[in-house]
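Trainee: Just model_33.cif, nothing more (mmCIF, C-alpha atoms; chains and numbers go by the auth columns):
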```
data_input
loop_
_atom_site.group_PDB
_atom_site.id
_atom_site.type_symbol
_atom_site.label_atom_id
_atom_site.label_comp_id
_atom_site.label_asym_id
_atom_site.label_seq_id
_atom_site.Cartn_x
_atom_site.Cartn_y
_atom_site.Cartn_z
_atom_site.B_iso_or_equiv
_atom_site.auth_seq_id
_atom_site.auth_asym_id
ATOM 1 C CA MET A 1 185.936 97.802 3.848 0.00 7 A
ATOM 2 C CA GLU A 2 188.797 96.566 5.990 0.00 8 A
ATOM 3 C CA GLY A 3 186.490 94.060 7.685 0.00 9 A
ATOM 4 C CA PHE A 4 185.335 92.767 4.309 0.00 10 A
ATOM 5 C CA VAL A 5 188.940 92.294 3.224 0.00 11 A
ATOM 6 C CA MET A 6 189.758 90.408 6.424 0.00 12 A
ATOM 7 C CA ALA A 7 186.691 88.170 6.071 0.00 13 A
ATOM 8 C CA THR A 8 187.554 87.441 2.450 0.00 14 A
ATOM 9 C CA SER A 9 191.136 86.661 3.428 0.00 15 A
ATOM 10 C CA ALA A 10 189.991 84.306 6.184 0.00 16 A
ATOM 11 C CA LYS A 11 187.606 82.566 3.792 0.00 17 A
ATOM 12 C CA GLN A 12 190.357 82.155 1.211 0.00 18 A
ATOM 13 C CA SER A 13 192.625 80.750 3.932 0.00 19 A
ATOM 14 C CA ASP A 14 189.961 78.161 4.819 0.00 20 A
ATOM 15 C CA ILE A 15 189.632 77.185 1.156 0.00 21 A
ATOM 16 C CA ASN A 16 193.395 76.818 0.811 0.00 22 A
ATOM 17 C CA GLU A 17 193.527 74.709 3.968 0.00 23 A
ATOM 18 C CA HIS A 18 190.733 72.498 2.655 0.00 24 A
ATOM 19 C CA HIS A 19 192.535 72.047 -0.646 0.00 25 A
ATOM 20 C CA SER A 20 195.783 71.217 1.131 0.00 26 A
ATOM 21 C CA HIS A 21 193.985 68.634 3.274 0.00 27 A
ATOM 22 C CA ALA A 22 192.308 67.126 0.212 0.00 28 A
ATOM 23 C CA TYR A 23 195.559 66.939 -1.724 0.00 29 A
ATOM 24 C CA GLY A 24 197.258 65.424 1.304 0.00 30 A
ATOM 25 C CA LEU A 25 194.681 62.626 1.520 0.00 31 A
ATOM 26 C CA ILE A 26 195.030 61.767 -2.159 0.00 32 A
ATOM 27 C CA ILE A 27 198.833 61.934 -2.177 0.00 33 A
ATOM 28 C CA TYR A 28 199.134 59.789 0.964 0.00 34 A
ATOM 29 C CA SER A 29 196.705 57.158 -0.327 0.00 35 A
ATOM 30 C CA ALA A 30 198.477 57.075 -3.696 0.00 36 A
ATOM 31 C CA PHE A 31 201.831 56.632 -1.949 0.00 37 A
ATOM 32 C CA ALA A 32 200.419 53.818 0.197 0.00 38 A
ATOM 33 C CA TYR A 33 199.015 52.193 -2.926 0.00 39 A
ATOM 34 C CA VAL A 34 202.384 52.282 -4.684 0.00 40 A
ATOM 35 C CA VAL A 35 204.153 50.771 -1.670 0.00 41 A
ATOM 36 C CA GLY A 36 201.498 48.072 -1.277 0.00 42 A
ATOM 37 C CA VAL A 37 201.621 47.108 -4.948 0.00 43 A
ATOM 38 C CA THR A 38 205.426 47.183 -4.889 0.00 44 A
ATOM 39 C CA GLY A 39 205.453 44.718 -1.994 0.00 45 A
ATOM 40 C CA LEU A 40 203.148 42.359 -3.876 0.00 46 A
ATOM 41 C CA ALA A 41 205.191 42.745 -7.080 0.00 47 A
ATOM 42 C CA ALA A 42 208.362 41.934 -5.138 0.00 48 A
ATOM 43 C CA LEU A 43 206.795 38.679 -3.967 0.00 49 A
ATOM 44 C CA VAL A 44 205.756 37.764 -7.516 0.00 50 A
ATOM 45 C CA PHE A 45 209.195 38.532 -8.952 0.00 51 A
ATOM 46 C CA ALA A 46 210.919 36.645 -6.143 0.00 52 A
ATOM 47 C CA MET A 47 208.822 33.530 -6.696 0.00 53 A
ATOM 48 C CA ALA A 48 209.526 33.811 -10.429 0.00 54 A
ATOM 49 C CA GLY A 49 213.258 33.961 -9.737 0.00 55 A
ATOM 50 C CA LEU A 50 213.531 37.483 -11.164 0.00 56 A
ATOM 51 C CA LEU A 51 214.335 39.060 -7.796 0.00 57 A
ATOM 52 C CA PRO A 52 216.841 37.622 -5.316 0.00 58 A
ATOM 53 C CA LEU A 53 215.164 35.875 -2.410 0.00 59 A
ATOM 54 C CA GLY A 54 217.429 35.337 0.536 0.00 60 A
ATOM 55 C CA ASN A 55 220.543 36.873 -1.021 0.00 61 A
ATOM 56 C CA VAL A 56 220.179 40.538 -0.086 0.00 62 A
ATOM 57 C CA ALA A 57 221.203 40.379 3.574 0.00 63 A
ATOM 58 C CA PRO A 58 222.254 36.835 4.587 0.00 64 A
ATOM 59 C CA VAL A 59 223.479 36.741 8.165 0.00 65 A
ATOM 60 C CA THR A 60 224.233 33.058 8.626 0.00 66 A
ATOM 61 C CA GLY A 61 225.240 29.930 6.768 0.00 67 A
ATOM 62 C CA SER A 62 223.208 27.649 9.005 0.00 68 A
ATOM 63 C CA ASN A 63 219.907 26.378 7.634 0.00 69 A
ATOM 64 C CA LEU A 64 218.478 26.058 11.145 0.00 70 A
ATOM 65 C CA VAL A 65 219.321 29.632 12.156 0.00 71 A
ATOM 66 C CA ALA A 66 218.159 30.944 8.782 0.00 72 A
ATOM 67 C CA ALA A 67 214.861 29.098 9.156 0.00 73 A
ATOM 68 C CA LEU A 68 214.319 30.568 12.626 0.00 74 A
ATOM 69 C CA LEU A 69 215.004 34.070 11.336 0.00 75 A
ATOM 70 C CA ASN A 70 212.574 33.477 8.477 0.00 76 A
ATOM 71 C CA VAL A 71 209.900 32.368 10.933 0.00 77 A
ATOM 72 C CA LEU A 72 210.492 35.634 12.791 0.00 78 A
ATOM 73 C CA LEU A 73 210.051 37.614 9.567 0.00 79 A
ATOM 74 C CA LEU A 74 206.821 35.772 8.805 0.00 80 A
ATOM 75 C CA GLY A 75 205.675 36.420 12.360 0.00 81 A
ATOM 76 C CA VAL A 76 206.216 40.161 11.992 0.00 82 A
ATOM 77 C CA TRP A 77 204.349 40.144 8.671 0.00 83 A
ATOM 78 C CA GLY A 78 201.508 38.064 10.093 0.00 84 A
ATOM 79 C CA LEU A 79 201.176 40.195 13.226 0.00 85 A
ATOM 80 C CA GLN A 80 201.047 43.353 11.123 0.00 86 A
ATOM 81 C CA HIS A 81 198.176 41.915 9.081 0.00 87 A
ATOM 82 C CA SER A 82 196.302 40.552 12.081 0.00 88 A
ATOM 83 C CA ILE A 83 196.719 43.460 14.496 0.00 89 A
ATOM 84 C CA MET A 84 195.929 46.188 11.974 0.00 90 A
ATOM 85 C CA ALA A 85 192.750 44.341 10.977 0.00 91 A
ATOM 86 C CA ARG A 86 191.390 44.363 14.523 0.00 92 A
ATOM 87 C CA PRO A 87 188.699 46.963 15.417 0.00 93 A
ATOM 88 C CA ALA A 88 190.533 47.963 18.610 0.00 94 A
ATOM 89 C CA PHE A 89 193.678 48.890 16.674 0.00 95 A
ATOM 90 C CA LYS A 90 191.668 50.725 14.026 0.00 96 A
ATOM 91 C CA SER A 91 189.988 52.764 16.741 0.00 97 A
ATOM 92 C CA LYS A 92 193.346 53.793 18.203 0.00 98 A
ATOM 93 C CA ILE A 93 195.031 54.634 14.893 0.00 99 A
ATOM 94 C CA ASN A 94 192.019 56.669 13.778 0.00 100 A
ATOM 95 C CA ARG A 95 192.670 59.051 16.656 0.00 101 A
ATOM 96 C CA HIS A 96 195.846 60.152 14.900 0.00 102 A
ATOM 97 C CA PHE A 97 194.893 59.720 11.235 0.00 103 A
ATOM 98 C CA PRO A 98 191.793 60.641 9.262 0.00 104 A
ATOM 99 C CA VAL A 99 189.358 57.743 9.106 0.00 105 A
ATOM 100 C CA ALA A 100 189.543 57.971 5.312 0.00 106 A
ATOM 101 C CA LEU A 101 193.158 56.783 5.503 0.00 107 A
ATOM 102 C CA GLU A 102 192.412 53.695 7.577 0.00 108 A
ATOM 103 C CA ARG A 103 192.660 51.342 4.624 0.00 109 A
ATOM 104 C CA SER A 104 195.630 53.214 3.150 0.00 110 A
ATOM 105 C CA ASN A 105 197.529 52.784 6.417 0.00 111 A
ATOM 106 C CA TYR A 106 196.896 49.048 6.246 0.00 112 A
ATOM 107 C CA VAL A 107 197.999 48.852 2.608 0.00 113 A
ATOM 108 C CA LEU A 108 201.122 50.901 3.307 0.00 114 A
ATOM 109 C CA MET A 109 202.278 48.807 6.247 0.00 115 A
ATOM 110 C CA SER A 110 201.389 45.571 4.453 0.00 116 A
ATOM 111 C CA GLY A 111 203.596 46.619 1.555 0.00 117 A
ATOM 112 C CA VAL A 112 206.459 47.544 3.876 0.00 118 A
ATOM 113 C CA ALA A 113 206.160 44.266 5.800 0.00 119 A
ATOM 114 C CA LEU A 114 206.097 42.205 2.611 0.00 120 A
ATOM 115 C CA LEU A 115 209.106 44.051 1.206 0.00 121 A
ATOM 116 C CA LEU A 116 211.009 43.324 4.412 0.00 122 A
ATOM 117 C CA VAL A 117 210.118 39.628 4.127 0.00 123 A
ATOM 118 C CA VAL A 118 211.299 39.404 0.522 0.00 124 A
ATOM 119 C CA LEU A 119 214.444 41.490 0.974 0.00 125 A
ATOM 120 C CA LEU A 120 215.563 40.114 4.350 0.00 126 A
ATOM 121 C CA TRP A 121 214.592 36.471 3.784 0.00 127 A
ATOM 122 C CA GLN A 122 217.454 34.232 4.814 0.00 128 A
ATOM 123 C CA PRO A 123 218.778 31.760 2.227 0.00 129 A
ATOM 124 C CA LEU A 124 218.353 28.022 2.708 0.00 130 A
ATOM 125 C CA SER A 125 220.442 25.530 0.777 0.00 131 A
ATOM 126 C CA GLY A 126 218.703 23.053 -1.492 0.00 132 A
ATOM 127 C CA ILE A 127 216.141 22.894 -4.286 0.00 133 A
ATOM 128 C CA ALA A 128 212.716 21.272 -3.896 0.00 134 A
ATOM 129 C CA TRP A 129 212.124 20.984 -7.648 0.00 135 A
ATOM 130 C CA HIS A 130 213.346 22.469 -10.896 0.00 136 A
ATOM 131 C CA VAL A 131 211.245 21.824 -13.994 0.00 137 A
ATOM 132 C CA GLN A 132 212.970 22.709 -17.264 0.00 138 A
ATOM 133 C CA GLY A 133 212.244 22.812 -20.979 0.00 139 A
ATOM 134 C CA GLY A 134 208.782 22.140 -22.291 0.00 140 A
ATOM 135 C CA LEU A 135 207.639 20.736 -18.969 0.00 141 A
ATOM 136 C CA ALA A 136 208.102 24.170 -17.430 0.00 142 A
ATOM 137 C CA VAL A 137 205.546 25.775 -19.749 0.00 143 A
ATOM 138 C CA PRO A 138 202.453 24.546 -17.836 0.00 144 A
ATOM 139 C CA PHE A 139 204.033 25.769 -14.613 0.00 145 A
ATOM 140 C CA TRP A 140 204.635 29.243 -16.047 0.00 146 A
ATOM 141 C CA LEU A 141 201.106 29.377 -17.447 0.00 147 A
ATOM 142 C CA MET A 142 199.624 28.486 -14.072 0.00 148 A
ATOM 143 C CA PHE A 143 201.983 30.914 -12.336 0.00 149 A
ATOM 144 C CA LEU A 144 200.815 33.775 -14.555 0.00 150 A
ATOM 145 C CA ALA A 145 197.199 32.646 -14.323 0.00 151 A
ATOM 146 C CA GLY A 146 197.315 32.675 -10.515 0.00 152 A
ATOM 147 C CA TRP A 147 198.619 36.214 -10.150 0.00 153 A
ATOM 148 C CA SER A 148 196.400 37.463 -12.980 0.00 154 A
ATOM 149 C CA TYR A 149 193.409 35.859 -11.283 0.00 155 A
ATOM 150 C CA LEU A 150 194.298 37.682 -8.072 0.00 156 A
ATOM 151 C CA LEU A 151 194.414 41.011 -9.904 0.00 157 A
ATOM 152 C CA ALA A 152 191.106 40.375 -11.651 0.00 158 A
ATOM 153 C CA ALA A 153 189.495 39.426 -8.328 0.00 159 A
ATOM 154 C CA THR A 154 190.448 42.795 -6.816 0.00 160 A
ATOM 155 C CA PHE A 155 188.547 44.569 -9.586 0.00 161 A
ATOM 156 C CA ALA A 156 185.566 42.245 -9.141 0.00 162 A
ATOM 157 C CA ILE A 157 185.006 43.678 -5.651 0.00 163 A
ATOM 158 C CA ASN A 158 186.340 47.223 -6.333 0.00 164 A
ATOM 159 C CA HIS A 159 190.112 47.461 -6.640 0.00 165 A
ATOM 160 C CA PHE A 160 190.256 51.108 -5.553 0.00 166 A
ATOM 161 C CA ASP A 161 188.234 50.549 -2.388 0.00 167 A
ATOM 162 C CA LEU A 162 190.299 47.486 -1.470 0.00 168 A
ATOM 163 C CA PHE A 163 193.519 49.518 -1.652 0.00 169 A
ATOM 164 C CA GLY A 164 192.147 52.634 0.074 0.00 170 A
ATOM 165 C CA LEU A 165 192.118 55.008 -2.902 0.00 171 A
ATOM 166 C CA ARG A 166 188.344 55.377 -3.067 0.00 172 A
ATOM 167 C CA GLN A 167 188.043 56.291 0.614 0.00 173 A
ATOM 168 C CA ALA A 168 190.629 59.068 0.310 0.00 174 A
ATOM 169 C CA TRP A 169 189.121 60.374 -2.932 0.00 175 A
ATOM 170 C CA LEU A 170 185.624 60.625 -1.460 0.00 176 A
ATOM 171 C CA ALA A 171 186.908 62.356 1.681 0.00 177 A
ATOM 172 C CA ALA A 172 188.983 64.796 -0.372 0.00 178 A
ATOM 173 C CA HIS A 173 185.840 65.781 -2.286 0.00 179 A
ATOM 174 C CA GLY A 174 183.705 66.094 0.830 0.00 180 A
ATOM 175 C CA GLN A 175 181.617 63.012 0.072 0.00 181 A
ATOM 176 C CA GLU A 176 180.518 60.498 2.684 0.00 182 A
ATOM 177 C CA TYR A 177 182.016 57.038 2.385 0.00 183 A
ATOM 178 C CA THR A 178 179.625 54.181 1.736 0.00 184 A
ATOM 179 C CA PRO A 179 180.918 50.594 1.917 0.00 185 A
ATOM 180 C CA VAL A 180 180.934 48.615 -1.300 0.00 186 A
ATOM 181 C CA PRO A 181 177.868 46.340 -1.186 0.00 187 A
ATOM 182 C CA PHE A 182 178.367 42.597 -1.123 0.00 188 A
ATOM 183 C CA LYS A 183 177.836 41.218 -4.633 0.00 189 A
ATOM 184 C CA GLU A 184 178.646 37.931 -6.291 0.00 190 A
ATOM 185 C CA ASN A 185 180.567 39.409 -9.203 0.00 191 A
ATOM 186 C CA TRP A 186 182.614 37.391 -11.661 0.00 192 A
ATOM 187 C CA MET A 187 184.640 34.670 -9.948 0.00 193 A
ATOM 188 C CA TYR A 188 182.947 35.378 -6.611 0.00 194 A
ATOM 189 C CA ARG A 189 180.039 33.313 -7.913 0.00 195 A
ATOM 190 C CA TYR A 190 182.289 30.256 -7.745 0.00 196 A
ATOM 191 C CA SER A 191 184.873 31.135 -5.084 0.00 197 A
ATOM 192 C CA ARG A 192 184.496 32.999 -1.792 0.00 198 A
ATOM 193 C CA HIS A 193 188.186 33.860 -1.652 0.00 199 A
ATOM 194 C CA PRO A 194 189.514 34.139 -5.213 0.00 200 A
ATOM 195 C CA ILE A 195 192.266 36.556 -4.168 0.00 201 A
ATOM 196 C CA MET A 196 193.701 33.959 -1.817 0.00 202 A
ATOM 197 C CA LEU A 197 193.262 31.261 -4.465 0.00 203 A
ATOM 198 C CA GLY A 198 195.285 33.374 -6.892 0.00 204 A
ATOM 199 C CA VAL A 199 198.053 33.767 -4.316 0.00 205 A
ATOM 200 C CA LEU A 200 198.175 30.016 -3.643 0.00 206 A
ATOM 201 C CA VAL A 201 198.366 29.135 -7.333 0.00 207 A
ATOM 202 C CA GLY A 202 201.020 31.794 -7.915 0.00 208 A
ATOM 203 C CA LEU A 203 203.092 30.599 -4.972 0.00 209 A
ATOM 204 C CA TRP A 204 203.142 26.915 -5.810 0.00 210 A
ATOM 205 C CA PHE A 205 203.277 26.798 -9.603 0.00 211 A
ATOM 206 C CA THR A 206 206.825 27.992 -10.051 0.00 212 A
ATOM 207 C CA PRO A 207 209.156 25.889 -12.239 0.00 213 A
ATOM 208 C CA MET A 208 212.025 26.272 -9.800 0.00 214 A
ATOM 209 C CA MET A 209 211.221 25.958 -6.126 0.00 215 A
ATOM 210 C CA THR A 210 214.311 26.535 -4.007 0.00 216 A
ATOM 211 C CA ALA A 211 214.336 25.604 -0.339 0.00 217 A
ATOM 212 C CA SER A 212 214.110 29.314 0.509 0.00 218 A
ATOM 213 C CA ALA A 213 211.084 29.818 -1.748 0.00 219 A
ATOM 214 C CA LEU A 214 209.491 26.635 -0.431 0.00 220 A
ATOM 215 C CA MET A 215 209.647 27.854 3.144 0.00 221 A
ATOM 216 C CA LEU A 216 208.125 31.168 2.120 0.00 222 A
ATOM 217 C CA ALA A 217 205.354 29.411 0.179 0.00 223 A
ATOM 218 C CA VAL A 218 204.584 27.132 3.126 0.00 224 A
ATOM 219 C CA GLY A 219 204.566 30.029 5.576 0.00 225 A
ATOM 220 C CA LEU A 220 202.245 32.154 3.456 0.00 226 A
ATOM 221 C CA THR A 221 199.972 29.177 2.819 0.00 227 A
ATOM 222 C CA VAL A 222 199.611 28.542 6.548 0.00 228 A
ATOM 223 C CA TYR A 223 198.830 32.202 7.144 0.00 229 A
ATOM 224 C CA ILE A 224 196.239 32.212 4.347 0.00 230 A
ATOM 225 C CA ALA A 225 194.498 29.239 5.946 0.00 231 A
ATOM 226 C CA ILE A 226 194.393 31.038 9.299 0.00 232 A
ATOM 227 C CA GLY A 227 193.453 34.381 7.729 0.00 233 A
ATOM 228 C CA VAL A 228 190.560 32.900 5.755 0.00 234 A
ATOM 229 C CA TYR A 229 189.165 31.346 8.941 0.00 235 A
ATOM 230 C CA PHE A 230 189.068 34.666 10.792 0.00 236 A
ATOM 231 C CA GLU A 231 187.911 36.622 7.746 0.00 237 A
ATOM 232 C CA GLU A 232 184.989 34.252 7.406 0.00 238 A
ATOM 233 C CA LYS A 233 184.008 34.968 11.012 0.00 239 A
ATOM 234 C CA ASP A 234 184.150 38.721 10.387 0.00 240 A
ATOM 235 C CA LEU A 235 182.112 38.439 7.185 0.00 241 A
ATOM 236 C CA ARG A 236 179.440 36.347 8.868 0.00 242 A
ATOM 237 C CA GLN A 237 179.109 38.962 11.589 0.00 243 A
ATOM 238 C CA SER A 238 179.048 41.964 9.250 0.00 244 A
ATOM 239 C CA ILE A 239 176.857 40.532 6.443 0.00 245 A
ATOM 240 C CA GLY A 240 174.769 38.102 8.450 0.00 246 A
ATOM 241 C CA PRO A 241 172.439 35.368 7.143 0.00 247 A
ATOM 242 C CA ARG A 242 173.026 36.349 3.532 0.00 248 A
ATOM 243 C CA TYR A 243 176.680 35.371 3.858 0.00 249 A
ATOM 244 C CA ASP A 244 175.741 32.079 5.541 0.00 250 A
ATOM 245 C CA GLU A 245 173.560 31.266 2.541 0.00 251 A
ATOM 246 C CA TYR A 246 176.432 32.261 0.255 0.00 252 A
ATOM 247 C CA ARG A 247 178.801 29.932 2.133 0.00 253 A
ATOM 248 C CA GLN A 248 176.452 27.016 1.600 0.00 254 A
ATOM 249 C CA ARG A 249 176.391 27.553 -2.165 0.00 255 A
ATOM 250 C CA VAL A 250 179.950 28.676 -2.927 0.00 256 A
ATOM 251 C CA GLY A 251 183.168 26.943 -1.916 0.00 257 A
ATOM 252 C CA THR A 252 186.072 28.594 -0.130 0.00 258 A
ATOM 253 C CA PHE A 253 188.362 28.522 -3.162 0.00 259 A
ATOM 254 C CA PHE A 254 186.234 26.761 -5.775 0.00 260 A
ATOM 255 C CA THR A 255 182.790 25.252 -5.939 0.00 261 A
ATOM 256 C CA VAL A 256 182.198 21.558 -6.451 0.00 262 A
ATOM 257 C CA LYS A 257 178.676 21.000 -7.676 0.00 263 A
ATOM 258 C CA LYS A 258 176.872 18.175 -5.960 0.00 264 A
ATOM 259 C CA ARG A 259 175.069 15.633 -8.069 0.00 265 A
#
```
Do you think you could lay out the structure here as structure tokens?

Mentor:
Amino acid sequence: MEGFVMATSAKQSDINEHHSHAYGLIIYSAFAYVVGVTGLAALVFAMAGLLPLGNVAPVTGSNLVAALLNVLLLGVWGLQHSIMARPAFKSKINRHFPVALERSNYVLMSGVALLLVVLLWQPLSGIAWHVQGGLAVPFWLMFLAGWSYLLAATFAINHFDLFGLRQAWLAAHGQEYTPVPFKENWMYRYSRHPIMLGVLVGLWFTPMMTASALMLAVGLTVYIAIGVYFEEKDLRQSIGPRYDEYRQRVGTFFTVKKR
């Protein structure tokens, strides 16, 4: 009888440990999701002028020094994105974290890096353009359309997989992860990188573009151009000839039909 009680107790302990592990995966991925979305929201609000950009922690009054510090911030953000996307880094980090949290780790650190960029961005004097009155309406419409398009594009490919929630949920329920198959859903029939297109539209169609915001928009645009190049290489390797055929039919950001 005593042995039965001990075996039952051990079994219950294993169940509790499994539940704790499962809850931990879900909680961590949810936390990473919130941080990642918060970082993106901070960028949107900053470009809309609803969140201070370059006024939180100014350390200099010199435009040159401020610009150099901003380049450093962009460099940190860019390195985080590039390094964490490399297979070698993923292999190392997976030794310390469950594989199911690989994407969540990326989302978490991306959100932190983007928050640091927005909050620590150094102010630059000057305004590139400031559209007011009725003329500002088309800018606001395009601004909202760009960020809305980005959001819609994430759901076209599986929003929850993109942000790491699906991986953690499957692992927590003891199910094997299967990658989301490549499909030409929604806007992906006309654009290979609609998420990036949404970012570009959202960045540039702001009625008031300060010098600080302009530098941020330029920096992110340059990174997007570089990031798309390397992402294309990865996609061609992972998907193969099917993606090459897709590239021939669909444009990078939009498709121009040939006559």

Trainee: As an exercise, work out the distance from CA of Val186 in chain A to CA of Leu168 in chain A in Å and give it to one decimal place.

Mentor: 9.4 Å

Trainee: Take the PyMOL selection byres ((chain A and resi 215-223) around 8), apply it to the structure above, and return the hits as an mmCIF file with C-alpha atoms, keeping the file's coordinate frame.

Mentor:
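File produced: result-v2.cif:
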```cif
data_model
loop_
_atom_site.group_PDB
_atom_site.id
_atom_site.type_symbol
_atom_site.label_atom_id
_atom_site.label_comp_id
_atom_site.auth_asym_id
_atom_site.auth_seq_id
_atom_site.Cartn_x
_atom_site.Cartn_y
_atom_site.Cartn_z
ATOM 1 C CA MET A 53 208.822 33.530 -6.696
ATOM 2 C CA LEU A 59 215.164 35.875 -2.410
ATOM 3 C CA GLY A 60 217.429 35.337 0.536
ATOM 4 C CA TRP A 127 214.592 36.471 3.784
ATOM 5 C CA GLN A 128 217.454 34.232 4.814
ATOM 6 C CA PRO A 129 218.778 31.760 2.227
ATOM 7 C CA LEU A 130 218.353 28.022 2.708
ATOM 8 C CA SER A 131 220.442 25.530 0.777
ATOM 9 C CA GLY A 132 218.703 23.053 -1.492
ATOM 10 C CA ILE A 133 216.141 22.894 -4.286
ATOM 11 C CA ALA A 134 212.716 21.272 -3.896
ATOM 12 C CA TRP A 135 212.124 20.984 -7.648
ATOM 13 C CA HIS A 136 213.346 22.469 -10.896
ATOM 14 C CA LEU A 209 203.092 30.599 -4.972
ATOM 15 C CA TRP A 210 203.142 26.915 -5.810
ATOM 16 C CA THR A 212 206.825 27.992 -10.051
ATOM 17 C CA PRO A 213 209.156 25.889 -12.239
ATOM 18 C CA MET A 214 212.025 26.272 -9.800
ATOM 19 C CA VAL A 224 204.584 27.132 3.126
ATOM 20 C CA GLY A 225 204.566 30.029 5.576
ATOM 21 C CA LEU A 226 202.245 32.154 3.456
ATOM 22 C CA THR A 227 199.972 29.177 2.819
#
```

Trainee: I want to know what sits within 7 Å of range 99-114 of chain A, based on all atoms listed in the file, with residues of the same chain fewer than 3 positions away left out; could you give that as a ChimeraX atom specification?

Mentor: /A:35,38-39,41-42,90,95-96,117-118,169-170,173-174,177

Trainee: Okay, now the selection with C-alpha atoms, as an mmCIF file, in the coordinates of the input?

Mentor:
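Writing done, so here's part14.cif:
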```cif
data_model
loop_
_atom_site.group_PDB
_atom_site.id
_atom_site.type_symbol
_atom_site.label_atom_id
_atom_site.label_comp_id
_atom_site.auth_asym_id
_atom_site.auth_seq_id
_atom_site.Cartn_x
_atom_site.Cartn_y
_atom_site.Cartn_z
ATOM 1 C CA SER A 35 196.705 57.158 -0.327
ATOM 2 C CA ALA A 38 200.419 53.818 0.197
ATOM 3 C CA TYR A 39 199.015 52.193 -2.926
ATOM 4 C CA VAL A 41 204.153 50.771 -1.670
ATOM 5 C CA GLY A 42 201.498 48.072 -1.277
ATOM 6 C CA MET A 90 195.929 46.188 11.974
ATOM 7 C CA PHE A 95 193.678 48.890 16.674
ATOM 8 C CA LYS A 96 191.668 50.725 14.026
ATOM 9 C CA GLY A 117 203.596 46.619 1.555
ATOM 10 C CA VAL A 118 206.459 47.544 3.876
ATOM 11 C CA PHE A 169 193.519 49.518 -1.652
ATOM 12 C CA GLY A 170 192.147 52.634 0.074
ATOM 13 C CA GLN A 173 188.043 56.291 0.614
ATOM 14 C CA ALA A 174 190.629 59.068 0.310
ATOM 15 C CA ALA A 177 186.908 62.356 1.681
#
```

Trainee: Rank nothing, just name the residue among A:Leu126, A:Val71, A:Ala36, A:Leu241 nearest to Arg172 in chain A, using all atoms listed in the file.

Mentor: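 Residue with the minimum atom-to-atom distance to Arg172 in chain A: A:Ala36.
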
Trainee: Residue by residue, what does the PyMOL selection byres ((chain A and resi 249) around 12) grab here? Present the result as an mmCIF file with C-alpha atoms, keeping the file's coordinate frame.

Mentor:
```
data_model
loop_
_atom_site.group_PDB
_atom_site.id
_atom_site.type_symbol
_atom_site.label_atom_id
_atom_site.label_comp_id
_atom_site.auth_asym_id
_atom_site.auth_seq_id
_atom_site.Cartn_x
_atom_site.Cartn_y
_atom_site.Cartn_z
ATOM 1 C CA PHE A 188 178.367 42.597 -1.123
ATOM 2 C CA LYS A 189 177.836 41.218 -4.633
ATOM 3 C CA GLU A 190 178.646 37.931 -6.291
ATOM 4 C CA ARG A 198 184.496 32.999 -1.792
ATOM 5 C CA GLU A 237 187.911 36.622 7.746
ATOM 6 C CA GLU A 238 184.989 34.252 7.406
ATOM 7 C CA LYS A 239 184.008 34.968 11.012
ATOM 8 C CA ASP A 240 184.150 38.721 10.387
ATOM 9 C CA LEU A 241 182.112 38.439 7.185
ATOM 10 C CA ARG A 242 179.440 36.347 8.868
ATOM 11 C CA GLN A 243 179.109 38.962 11.589
ATOM 12 C CA SER A 244 179.048 41.964 9.250
ATOM 13 C CA ILE A 245 176.857 40.532 6.443
ATOM 14 C CA GLY A 246 174.769 38.102 8.450
ATOM 15 C CA PRO A 247 172.439 35.368 7.143
ATOM 16 C CA ARG A 248 173.026 36.349 3.532
ATOM 17 C CA ASP A 250 175.741 32.079 5.541
ATOM 18 C CA GLU A 251 173.560 31.266 2.541
ATOM 19 C CA TYR A 252 176.432 32.261 0.255
ATOM 20 C CA ARG A 253 178.801 29.932 2.133
ATOM 21 C CA GLN A 254 176.452 27.016 1.600
ATOM 22 C CA ARG A 255 176.391 27.553 -2.165
ATOM 23 C CA VAL A 256 179.950 28.676 -2.927
#
```

Trainee: Provide the CA of Ala52 in chain A to CA of Leu122 in chain A distance in Å, to one decimal place.

Mentor: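 Interatomic distance here is 12.5 Å.
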
Trainee: Can you measure CA of His199 in chain A to CA of Ile163 in chain A for me? One decimal in Å is fine.

Mentor: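 Those two atoms sit 11.1 Å apart.
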
Trainee: Specify as a ChimeraX atom specification each residue included when the PyMOL selection byres ((chain A and resi 86) around 10) is applied to this file.

Mentor: /A:80-85,87-91,112,115-116,118-120

Trainee: Mind checking which residues fall within 9 Å of range 204-206 of chain A, counting all atoms listed in the file, ignoring those fewer than 2 positions away in the same chain, and posting them as a PyMOL selection string?

Mentor: chain A and resi 149+151-157+159+199-202+208-211+223+226-227+230

Trainee: Quick one: write out the picked residues with C-alpha atoms as an mmCIF file, in the frame of the given file?

Mentor:
```
data_model
loop_
_atom_site.group_PDB
_atom_site.id
_atom_site.type_symbol
_atom_site.label_atom_id
_atom_site.label_comp_id
_atom_site.auth_asym_id
_atom_site.auth_seq_id
_atom_site.Cartn_x
_atom_site.Cartn_y
_atom_site.Cartn_z
ATOM 1 C CA PHE A 149 201.983 30.914 -12.336
ATOM 2 C CA ALA A 151 197.199 32.646 -14.323
ATOM 3 C CA GLY A 152 197.315 32.675 -10.515
ATOM 4 C CA TRP A 153 198.619 36.214 -10.150
ATOM 5 C CA SER A 154 196.400 37.463 -12.980
ATOM 6 C CA TYR A 155 193.409 35.859 -11.283
ATOM 7 C CA LEU A 156 194.298 37.682 -8.072
ATOM 8 C CA LEU A 157 194.414 41.011 -9.904
ATOM 9 C CA ALA A 159 189.495 39.426 -8.328
ATOM 10 C CA HIS A 199 188.186 33.860 -1.652
ATOM 11 C CA PRO A 200 189.514 34.139 -5.213
ATOM 12 C CA ILE A 201 192.266 36.556 -4.168
ATOM 13 C CA MET A 202 193.701 33.959 -1.817
ATOM 14 C CA GLY A 208 201.020 31.794 -7.915
ATOM 15 C CA LEU A 209 203.092 30.599 -4.972
ATOM 16 C CA TRP A 210 203.142 26.915 -5.810
ATOM 17 C CA PHE A 211 203.277 26.798 -9.603
ATOM 18 C CA ALA A 223 205.354 29.411 0.179
ATOM 19 C CA LEU A 226 202.245 32.154 3.456
ATOM 20 C CA THR A 227 199.972 29.177 2.819
ATOM 21 C CA ILE A 230 196.239 32.212 4.347
#
```
